[in-house]
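my_file07.cif, holding mmCIF, C-alpha atoms:
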data_my_file
#
loop_
_atom_site.label_atom_id
_atom_site.label_comp_id
_atom_site.auth_asym_id
_atom_site.auth_seq_id
_atom_site.Cartn_x
_atom_site.Cartn_y
_atom_site.Cartn_z
CA MET E 1 0.00 0.00 0.00
CA ALA E 2 1.16 3.47 -0.82
CA ILE E 3 -0.28 6.53 0.86
CA PRO E 4 0.69 9.78 -0.83
CA TRP E 5 0.17 13.23 0.62
CA SER E 6 0.74 16.57 -0.98
CA LEU E 7 -0.17 20.22 -1.31
CA PRO E 8 -3.00 21.44 -1.50
CA ALA E 9 -6.42 16.35 2.45
CA ARG E 10 -5.02 13.21 2.36
CA HIS E 11 -5.81 10.63 -0.31
CA LEU E 12 -4.97 7.03 -1.08
CA ASP E 13 -3.21 6.08 -4.27
CA THR E 14 -5.76 4.31 -6.44
CA ALA E 15 -2.94 3.03 -8.61
CA SER E 16 -1.64 1.16 -5.58
CA TYR E 17 -4.96 -0.26 -4.45
CA SER E 18 -8.67 0.15 -4.96
CA PRO E 19 -10.96 0.28 -1.89
CA PRO E 20 -13.57 -2.09 -3.35
CA ARG E 21 -10.87 -4.70 -3.70
CA LEU E 22 -9.53 -4.48 -0.17
CA LYS E 23 -11.68 -7.40 0.91
CA LYS E 24 -10.95 -10.52 -1.04
CA LEU E 25 -12.59 -13.89 -0.63
CA ALA E 26 -10.58 -16.97 0.25
CA VAL E 27 -12.56 -20.05 -0.64
CA ASN E 28 -12.21 -23.57 0.67
CA GLN E 29 -14.59 -26.50 0.42
CA GLU E 30 -16.59 -25.66 3.55
CA THR E 31 -16.65 -21.87 4.01
CA LYS E 32 -15.73 -18.47 2.62
CA ILE E 33 -13.47 -16.31 4.81
CA SER E 34 -13.36 -12.57 4.27
CA GLN E 35 -9.79 -11.30 4.34
CA THR E 36 -8.50 -7.77 4.77
CA TYR E 37 -5.48 -5.79 3.70
CA ARG E 38 -4.41 -5.83 7.36
CA ASP E 39 -4.36 -9.65 7.23
CA ALA E 40 -1.75 -9.34 4.48
CA GLY E 41 0.38 -7.10 6.70
CA VAL E 42 -0.72 -3.67 5.50
CA ASP E 43 -2.36 -1.29 7.97
CA ILE E 44 -4.25 1.51 6.20
CA ASP E 45 -5.22 3.11 9.51
CA ALA E 46 -1.57 3.38 10.57
CA GLY E 47 -0.79 5.07 7.27
CA ASN E 48 -3.58 7.56 7.81
CA ASP E 49 -2.35 8.23 11.35
CA LEU E 50 1.10 9.03 10.00
CA VAL E 51 -0.32 11.43 7.42
CA ASP E 52 -2.16 13.19 10.26
CA ALA E 53 1.14 13.43 12.14
CA ILE E 54 2.86 14.93 9.07
CA LYS E 55 0.39 17.81 8.71
CA PRO E 56 1.81 20.12 11.41
CA LEU E 57 5.36 19.23 10.36
CA ALA E 58 4.65 20.27 6.78
CA ARG E 59 2.95 23.46 7.90
CA SER E 60 6.06 24.39 9.88
CA THR E 61 8.07 24.53 6.63
CA ALA E 62 5.84 27.08 4.84
CA ARG E 63 7.64 29.63 2.69
CA PRO E 64 6.68 32.09 -0.07
CA GLY E 65 5.34 30.10 -3.00
CA ALA E 66 3.94 27.27 -0.88
CA ASP E 67 1.32 27.45 1.85
CA ALA E 68 1.99 23.90 3.16
CA ALA E 69 -1.69 22.86 3.35
CA LEU E 70 -2.03 19.15 2.58
CA GLY E 71 -4.33 17.73 -0.07
CA GLY E 72 -4.82 16.96 -3.72
CA PHE E 73 -3.10 14.53 -6.01
CA GLY E 74 -0.18 16.81 -6.80
CA ALA E 75 1.81 19.49 -5.02
CA ALA E 76 1.87 23.02 -6.36
CA PHE E 77 4.42 25.81 -6.07
CA ASP E 78 4.12 29.41 -7.23
CA LEU E 79 7.46 30.62 -8.66
CA LYS E 80 6.20 34.15 -9.14
CA GLY E 81 5.03 34.17 -5.53
CA ALA E 82 8.55 33.17 -4.52
CA GLY E 83 9.93 36.28 -6.19
CA PHE E 84 11.58 34.85 -9.31
CA LYS E 85 11.56 36.70 -12.63
CA ASP E 86 13.40 34.49 -15.14
CA PRO E 87 14.10 31.27 -13.26
CA ILE E 88 15.79 28.05 -14.24
CA LEU E 89 14.52 25.05 -12.27
CA VAL E 90 17.16 22.76 -10.78
CA SER E 91 16.12 19.37 -9.40
CA GLY E 92 17.81 16.56 -7.52
CA THR E 93 17.09 13.26 -5.82
CA ASP E 94 19.09 11.22 -3.32
CA GLY E 95 18.87 8.90 -0.36
CA VAL E 96 20.80 8.27 2.85
CA GLY E 97 22.42 4.97 1.87
CA THR E 98 23.30 2.34 4.43
CA LYS E 99 23.57 4.94 7.18
CA LEU E 100 19.93 3.90 7.58
CA LYS E 101 21.15 0.58 9.00
CA LEU E 102 22.81 2.39 11.89
CA ALA E 103 19.64 4.38 12.54
CA ILE E 104 17.59 1.17 12.57
CA ASP E 105 20.11 -0.79 14.68
CA THR E 106 20.31 2.01 17.30
CA ASP E 107 16.58 2.88 17.10
CA THR E 108 17.57 6.49 16.41
CA HIS E 109 15.38 8.03 13.74
CA HIS E 110 15.01 11.74 14.49
CA THR E 111 18.08 12.94 12.57
CA ILE E 112 18.12 10.70 9.51
CA GLY E 113 15.54 12.94 7.85
CA ILE E 114 17.94 15.88 8.12
CA ASP E 115 20.46 13.76 6.21
CA LEU E 116 17.88 13.09 3.52
CA VAL E 117 17.13 16.75 2.95
CA ALA E 118 20.77 17.80 3.10
CA MET E 119 21.91 15.25 0.53
CA CYS E 120 19.38 16.63 -1.94
CA VAL E 121 19.43 20.38 -1.37
CA ASN E 122 23.22 20.69 -1.01
CA ASP E 123 23.37 19.42 -4.59
CA LEU E 124 21.04 22.23 -5.72
CA VAL E 125 22.94 25.11 -4.16
CA VAL E 126 26.15 24.20 -6.02
CA GLN E 127 24.45 25.54 -9.14
CA GLY E 128 23.41 28.67 -7.31
CA ALA E 129 19.84 27.43 -6.87
CA GLU E 130 17.66 28.29 -3.89
CA PRO E 131 15.80 25.14 -2.69
CA LEU E 132 12.05 25.72 -3.03
CA PHE E 133 10.31 22.50 -2.11
CA PHE E 134 10.95 18.93 -1.04
CA LEU E 135 9.11 15.61 -1.31
CA ASP E 136 9.94 12.35 0.42
CA TYR E 137 9.41 8.64 -0.18
CA PHE E 138 9.30 6.43 2.92
CA ALA E 139 9.04 2.65 2.39
CA THR E 140 8.91 0.07 5.18
CA GLY E 141 7.97 -3.52 5.92
CA LYS E 142 5.57 -2.66 8.73
CA LEU E 143 4.56 0.90 9.41
CA ASP E 144 5.27 2.10 12.94
CA VAL E 145 3.69 5.49 13.41
CA GLU E 146 6.15 6.70 16.06
CA THR E 147 9.16 5.76 13.95
CA GLY E 148 7.58 7.44 10.96
CA ARG E 149 6.82 10.53 13.01
CA ALA E 150 10.46 10.73 14.16
CA ILE E 151 11.74 10.38 10.60
CA MET E 152 9.34 13.03 9.31
CA SER E 153 10.26 15.41 12.13
CA GLY E 154 13.86 15.22 10.90
CA ILE E 155 12.79 15.85 7.32
CA ALA E 156 10.80 18.90 8.43
CA GLU E 157 13.76 20.16 10.46
CA GLY E 158 16.02 19.77 7.45
CA CYS E 159 13.55 21.69 5.29
CA ARG E 160 13.34 24.52 7.82
CA ARG E 161 17.12 24.78 7.95
CA ALA E 162 17.28 24.84 4.15
CA GLY E 163 14.41 27.29 3.78
CA CYS E 164 12.37 24.97 1.55
CA ALA E 165 8.79 23.76 1.91
CA LEU E 166 7.86 20.14 2.58
CA ILE E 167 4.94 19.90 0.18
CA GLY E 168 4.37 16.21 -0.52
CA GLY E 169 5.47 12.64 -0.17
CA GLU E 170 4.61 8.98 -0.23
CA THR E 171 4.46 6.35 2.50
CA ALA E 172 4.60 2.73 1.32
CA GLU E 173 4.08 -0.32 3.54
CA MET E 174 5.41 -3.37 1.71
CA PRO E 175 5.56 -6.55 3.79
CA GLY E 176 7.60 -9.28 2.17
CA LEU E 177 9.90 -6.81 0.45
CA TYR E 178 11.30 -5.26 3.64
CA GLN E 179 11.80 -6.82 7.07
CA GLU E 180 9.37 -5.35 9.61
CA LYS E 181 11.68 -2.71 11.13
CA ASP E 182 13.62 -1.98 7.97
CA TYR E 183 12.85 1.08 5.92
CA ASP E 184 14.24 3.09 3.07
CA LEU E 185 14.11 6.79 2.27
CA ALA E 186 14.39 8.83 -0.88
CA GLY E 187 14.13 12.57 -1.27
CA PHE E 188 13.30 14.85 -4.16
CA ALA E 189 14.12 18.54 -4.18
CA VAL E 190 13.49 21.35 -6.63
CA GLY E 191 15.16 24.74 -6.56
CA ALA E 192 15.39 27.76 -8.79
CA VAL E 193 18.03 30.25 -9.85
CA GLU E 194 17.76 33.32 -12.02
CA ARG E 195 19.07 32.45 -15.47
CA ASP E 196 21.98 34.89 -15.40
CA GLU E 197 23.15 33.75 -11.93
CA MET E 198 23.41 30.01 -12.57
CA LEU E 199 26.76 28.33 -11.84
CA MET E 200 27.69 26.09 -14.76
CA GLY E 201 31.12 24.78 -13.73
CA ASP E 202 32.95 26.76 -16.40
CA GLN E 203 34.09 29.86 -14.50
CA ALA E 204 37.06 28.67 -12.44
CA SER E 205 40.40 29.88 -13.76
CA ALA E 206 44.07 29.70 -12.83
CA GLY E 207 44.82 31.80 -9.78
CA ASP E 208 41.44 31.30 -8.12
CA VAL E 209 41.42 30.48 -4.42
CA VAL E 210 39.78 27.32 -3.05
CA LEU E 211 37.91 27.67 0.25
CA GLY E 212 36.83 24.65 2.28
CA LEU E 213 33.83 24.60 4.60
CA THR E 214 34.06 22.06 7.40
CA SER E 215 31.80 19.04 7.56
CA SER E 216 29.91 17.76 10.59
CA GLY E 217 31.54 14.34 10.27
CA LEU E 218 30.92 11.53 7.80
CA HIS E 219 27.69 13.07 6.51
CA SER E 220 25.92 10.30 4.54
CA ASN E 221 28.54 8.64 2.39
CA GLY E 222 30.75 5.58 2.67
CA PHE E 223 28.68 3.79 5.30
CA SER E 224 28.97 0.38 3.67
CA LEU E 225 32.71 0.67 4.30
CA VAL E 226 32.12 2.19 7.76
CA ARG E 227 29.88 -0.72 8.77
CA ARG E 228 32.47 -3.18 7.48
CA VAL E 229 35.16 -1.55 9.62
CA ILE E 230 32.86 -1.65 12.66
CA GLU E 231 32.12 -5.33 12.10
CA GLN E 232 35.76 -6.29 11.60
CA ALA E 233 36.83 -4.31 14.66
CA GLY E 234 34.09 -5.80 16.83
CA ALA E 235 33.06 -2.29 17.89
CA ALA E 236 29.71 -1.80 19.66
CA LEU E 237 27.42 1.04 18.62
CA ASP E 238 26.17 1.54 22.19
CA GLN E 239 29.68 1.86 23.66
CA PRO E 240 31.77 5.06 23.74
CA ALA E 241 33.28 5.94 20.39
CA PRO E 242 36.96 4.87 20.26
CA TYR E 243 37.87 8.41 19.22
CA ASP E 244 35.43 10.28 21.50
CA ALA E 245 34.55 8.98 24.96
CA ASN E 246 31.84 11.63 25.39
CA GLU E 247 29.29 9.91 23.15
CA SER E 248 28.47 6.45 21.87
CA LEU E 249 29.87 5.24 18.57
CA GLY E 250 26.36 5.03 17.14
CA ALA E 251 25.47 8.60 18.11
CA ALA E 252 28.77 9.94 16.78
CA LEU E 253 28.35 8.23 13.41
CA LEU E 254 24.75 9.40 13.10
CA ALA E 255 25.63 13.10 13.35
CA PRO E 256 23.46 14.58 10.57
CA THR E 257 24.77 15.94 7.31
CA LYS E 258 25.46 19.66 7.40
CA LEU E 259 23.28 21.98 5.34
CA TYR E 260 25.20 24.67 3.45
CA ILE E 261 22.25 26.47 1.86
CA ARG E 262 22.08 29.79 3.67
CA SER E 263 25.84 30.34 3.75
CA CYS E 264 26.43 29.40 0.12
CA LEU E 265 23.49 31.45 -1.15
CA ALA E 266 24.88 34.45 0.72
CA ALA E 267 28.23 33.90 -0.99
CA VAL E 268 26.62 33.43 -4.42
CA LYS E 269 24.76 36.73 -4.07
CA THR E 270 28.11 38.56 -4.04
CA GLY E 271 28.58 37.57 -7.67
CA HIS E 272 32.13 36.42 -6.92
CA VAL E 273 31.67 32.64 -6.65
CA HIS E 274 33.24 30.75 -9.57
CA GLY E 275 32.28 27.31 -8.37
CA LEU E 276 30.74 25.25 -5.58
CA SER E 277 31.25 21.55 -4.98
CA HIS E 278 29.33 19.39 -2.51
CA ILE E 279 31.81 16.80 -1.23
CA THR E 280 29.79 13.59 -1.07
CA GLY E 281 30.59 10.05 -2.21
CA GLY E 282 33.81 10.25 -4.19
CA GLY E 283 35.31 12.79 -1.81
CA LEU E 284 37.39 15.73 -2.98
CA THR E 285 39.03 13.58 -5.64
CA GLU E 286 35.87 12.78 -7.60
CA ASN E 287 33.64 15.79 -6.90
CA LEU E 288 35.91 18.75 -7.62
CA PRO E 289 36.43 17.90 -11.33
CA ARG E 290 32.66 18.32 -11.82
CA VAL E 291 32.84 22.11 -11.23
CA ILE E 292 35.97 23.18 -13.12
CA PRO E 293 36.87 23.47 -16.83
CA ASP E 294 39.03 20.78 -18.41
CA ASP E 295 42.07 23.04 -18.75
CA VAL E 296 42.57 23.72 -15.04
CA ALA E 297 43.29 21.67 -11.93
CA VAL E 298 42.55 22.16 -8.25
CA VAL E 299 45.60 21.88 -6.01
CA ILE E 300 44.62 20.99 -2.44
CA ASP E 301 47.03 21.50 0.47
CA VAL E 302 45.87 18.97 3.06
CA ALA E 303 48.05 20.60 5.73
CA THR E 304 45.59 23.52 5.90
CA TRP E 305 43.02 21.68 8.01
CA THR E 306 42.90 18.86 10.53
CA PRO E 307 40.43 16.07 9.70
CA PRO E 308 37.99 15.14 12.51
CA PRO E 309 39.18 12.09 14.47
CA VAL E 310 36.56 9.73 13.02
CA PHE E 311 38.48 9.71 9.72
CA GLY E 312 41.77 8.84 11.37
CA TRP E 313 40.07 6.06 13.31
CA LEU E 314 38.52 4.61 10.17
CA ALA E 315 41.77 4.78 8.23
CA ASP E 316 43.75 3.13 11.02
CA THR E 317 41.21 0.54 12.14
CA GLY E 318 40.19 -0.42 8.63
CA SER E 319 43.69 -0.20 7.09
CA ILE E 320 42.30 2.20 4.47
CA ALA E 321 44.90 3.98 2.33
CA THR E 322 44.90 7.78 2.35
CA ASP E 323 44.02 8.10 -1.34
CA GLU E 324 41.09 5.74 -0.82
CA MET E 325 39.89 7.85 2.12
CA LEU E 326 40.02 10.97 -0.06
CA ARG E 327 37.90 9.39 -2.79
CA THR E 328 35.36 7.85 -0.41
CA PHE E 329 34.83 10.36 2.43
CA ASN E 330 34.76 14.14 2.80
CA CYS E 331 37.68 13.96 5.30
CA GLY E 332 36.42 17.08 7.09
CA ILE E 333 35.53 19.33 4.13
CA GLY E 334 31.86 19.16 3.18
CA MET E 335 31.65 22.01 0.66
CA VAL E 336 34.22 23.74 -1.53
CA VAL E 337 33.90 27.34 -2.73
CA ILE E 338 36.06 28.60 -5.61
CA VAL E 339 36.53 32.39 -5.79
CA PRO E 340 38.85 34.93 -7.44
CA GLU E 341 41.93 35.63 -5.34
CA ALA E 342 41.00 39.32 -4.95
CA GLU E 343 37.62 38.39 -3.45
CA ALA E 344 38.68 35.46 -1.28
CA ASN E 345 38.84 37.38 2.01
CA ALA E 346 35.48 39.08 1.47
CA VAL E 347 33.69 35.84 0.56
CA SER E 348 35.37 33.99 3.41
CA GLN E 349 34.13 36.66 5.83
CA ILE E 350 30.56 36.31 4.55
CA LEU E 351 30.70 32.55 4.97
CA SER E 352 32.08 32.95 8.50
CA GLN E 353 29.29 35.37 9.36
CA GLN E 354 26.85 32.67 8.31
CA GLY E 355 28.38 30.29 10.86
CA GLU E 356 30.83 28.39 8.67
CA THR E 357 34.34 27.42 9.66
CA VAL E 358 36.33 28.33 6.56
CA TYR E 359 39.82 27.26 5.51
CA THR E 360 41.80 28.34 2.48
CA ILE E 361 42.68 24.86 1.28
CA GLY E 362 44.18 25.40 -2.15
CA HIS E 363 44.19 27.13 -5.49
CA VAL E 364 43.34 26.61 -9.15
CA SER E 365 46.22 26.17 -11.62
CA LYS E 366 46.71 25.51 -15.32
CA ARG E 367 46.48 21.84 -16.16
CA ALA E 368 48.42 19.83 -18.71
CA PRO E 369 46.47 17.05 -20.49
CA GLU E 370 48.33 14.28 -18.63
CA GLN E 371 47.78 15.81 -15.17
CA PRO E 372 44.93 14.87 -12.82
CA ALA E 373 42.15 17.38 -12.21
CA VAL E 374 42.75 17.22 -8.45
CA GLN E 375 46.26 17.31 -7.03
CA TYR E 376 47.34 17.10 -3.40
CA ALA E 377 50.17 18.83 -1.59
CA ASN E 378 51.66 17.70 1.75
CA LEU E 379 49.82 14.39 1.54
CA THR E 380 51.35 11.61 3.66
CA ASP E 381 50.12 8.31 5.00
CA GLN E 382 50.13 9.90 8.47
CA TRP E 383 47.99 12.90 7.51
CA LEU E 384 44.70 11.50 8.83
CA ALA E 385 46.32 10.42 12.07
CA GLY E 386 46.57 14.09 13.01
CA GLY E 387 42.85 14.10 13.66
CA ALA E 388 42.78 10.84 15.63
CA SER E 389 42.71 10.82 19.40
#
Could you render the structure as structure tokens?
Amino acid sequence: MAIPWSLPARHLDTASYSPPRLKKLAVNQETKISQTYRDAGVDIDAGNDLVDAIKPLARSTARPGADAALGGFGAAFDLKGAGFKDPILVSGTDGVGTKLKLAIDTDTHHTIGIDLVAMCVNDLVVQGAEPLFFLDYFATGKLDVETGRAIMSGIAEGCRRAGCALIGGETAEMPGLYQEKDYDLAGFAVGAVERDEMLMGDQASAGDVVLGLTSSGLHSNGFSLVRRVIEQAGAALDQPAPYDANESLGAALLAPTKLYIRSCLAAVKTGHVHGLSHITGGGLTENLPRVIPDDVAVVIDVATWTPPPVFGWLADTGSIATDEMLRTFNCGIGMVVIVPEAEANAVSQILSQQGETVYTIGHVSKRAPEQPAVQYANLTDQWLAGGAS
């Protein structure tokens, strides 16, 4: 069963099921037994209860262009009402990956929704787009209303932080496909940018300065490898983290992905940003080439920041080579901002005023055809150990 909800009263997806068919007849030789959808493991009432719980959460994310009143088969957004004149729409979709397994195993669900929003909207802002609205897809084996409420509260919190409206979604209960407590999440975000302000990845040039904005930890990438390291090390999620005795390993690893929307939009409005790169799966190595022209390279000096200790612990415990760490994890830098050298201090100050910790981590240089797009300075096998405790 799938229960969608959206802007502008709740409805049930007739493509997923038809009410007249909810009761089916099972026939044997002696009697006919009326069966229900609940008998098959799907609880329509629980789905409706969750939709009711979502209503105030969605209303709390209202913004110009969306009034966050539930109902209808589709969700609407008024671009003119949001203040745009000649907008380009930018869309993105993502999930949280196997970080969900840690949330399920620790019964901690109130922050995973923040991850979901962040993974989507951080990918919009790198093109200069302001996130406008967000939709979610929540699939589970057996719907637990309290778990669903916790997840949705995180999604709403992420939307509030990003300044976008939660205007629709879908809840699917699918016994037989998922184990009872297992669930999966997907998010869908749409943003807009004025046509002449869009970042296209073609503006960076030799001499530009590369600024790095710190991450809040692992964010939501590389958790299949993280879980493998945990398993091989015999580490317990409910015990103190090996690198931080002040919180459990599970809580430390579940720190939500940082949202860079407000700070990066403030920087973009200066007109001096030549490129933004969200450092997700693939790390600095794989993500930076996506926002620079083919004739330049980004030179990163890793001595300019100290990676958080979780990365040193993973590298050491899992015997993960430094270059593999840099192409799997963010290693402490969650967003990169490329700016002209003359404007670097001014943009850095704006980012700091927005609450970011900013490091000057490198520069853009001319690139020969045989050279890699991302080059590292001061990189040693012991580099990550500097952040381990």
If you apply the PyMOL selection byres ((chain E and resi 384) around 10) to this file, what residues do you get, as an NGL selection string?
-> :E and (302 or 306-316 or 321-322 or 325 or 331 or 379-383 or 385-388)
Considering only C-alpha atoms, give me a table of residues in region 172-223 of chain E that are at most 8 Å from region 277-301 of chain E, with the closest atom pair and distance in Å for each, as a Markdown table.
| residue | atom | partner | partner_atom | distance |
| --- | --- | --- | --- | --- |
| E:Met200 | CA | E:Val291 | CA | 7.4 |
| E:Gly201 | CA | E:Val291 | CA | 4.0 |
| E:Asp202 | CA | E:Pro293 | CA | 5.1 |
| E:Gln203 | CA | E:Ile292 | CA | 7.1 |
| E:Ala204 | CA | E:Ile292 | CA | 5.6 |
| E:Ser205 | CA | E:Val296 | CA | 6.7 |
| E:Ala206 | CA | E:Val296 | CA | 6.5 |
| E:Val210 | CA | E:Val298 | CA | 7.8 |
| E:His219 | CA | E:Thr280 | CA | 7.9 |
| E:Ser220 | CA | E:Thr280 | CA | 7.6 |
| E:Asn221 | CA | E:Gly281 | CA | 5.2 |
| E:Gly222 | CA | E:Gly281 | CA | 6.6 |
Test item: the PyMOL selection byres ((chain E and resi 126) around 12) resolved as an NGL selection string | :E and (90-92 or 119-125 or 127-131 or 191-193 or 197-201 or 259-265 or 267-268 or 273-279 or 287-288 or 290-291 or 334-338)
Nearest to Ala342 (chain E) by atom-to-atom distance, counting all atoms listed in the file, from E:Ala303, E:Leu166, E:Val209, E:Val229 =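 Closest candidate: E:Val209.
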Decode the PyMOL selection byres ((chain E and resi 240-256) around 6) for the given file into explicit residues and return them as a list in words.
-> Thr111, Asp115, Leu237, Asp238, Gln239, Thr257 and Ser389 of chain E
For CA of Gly65 (chain E) and CA of Ala82 (chain E), the interatomic separation in Å (one decimal) |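 Here the two named atoms are 4.7 Å from each other.
Interatomic distance, CA of Phe134 (chain E) against CA of Tyr183 (chain E): 19.3 Å.
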Distance CA of Leu225 (chain E)-CA of Thr98 (chain E), one decimal place?
-> 9.6 Å
Pick the closest to Lys80 (chain E) from E:Gly234, E:Ala53, E:Leu132, E:Ala118: which is it, counting only C-alpha atoms?
-> E:Leu132
At most 8 Å from (6.9, -3.2, 3.5), file frame, all atoms listed in the file: which residues, as a list in words?
->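 Those within range, by chain then number, are Val42, Ala139, Thr140, Gly141, Lys142, Leu143, Ala172, Glu173, Met174, Pro175, Gly176, Leu177, Tyr178, Gln179, Glu180 and Tyr183 of chain E.
Among E:Leu57, E:Val339, E:Ala103, E:Ile112, the residue with the shortest atom-to-atom distance to Val364 (chain E), counting all atoms listed in the file, is E:Val339.
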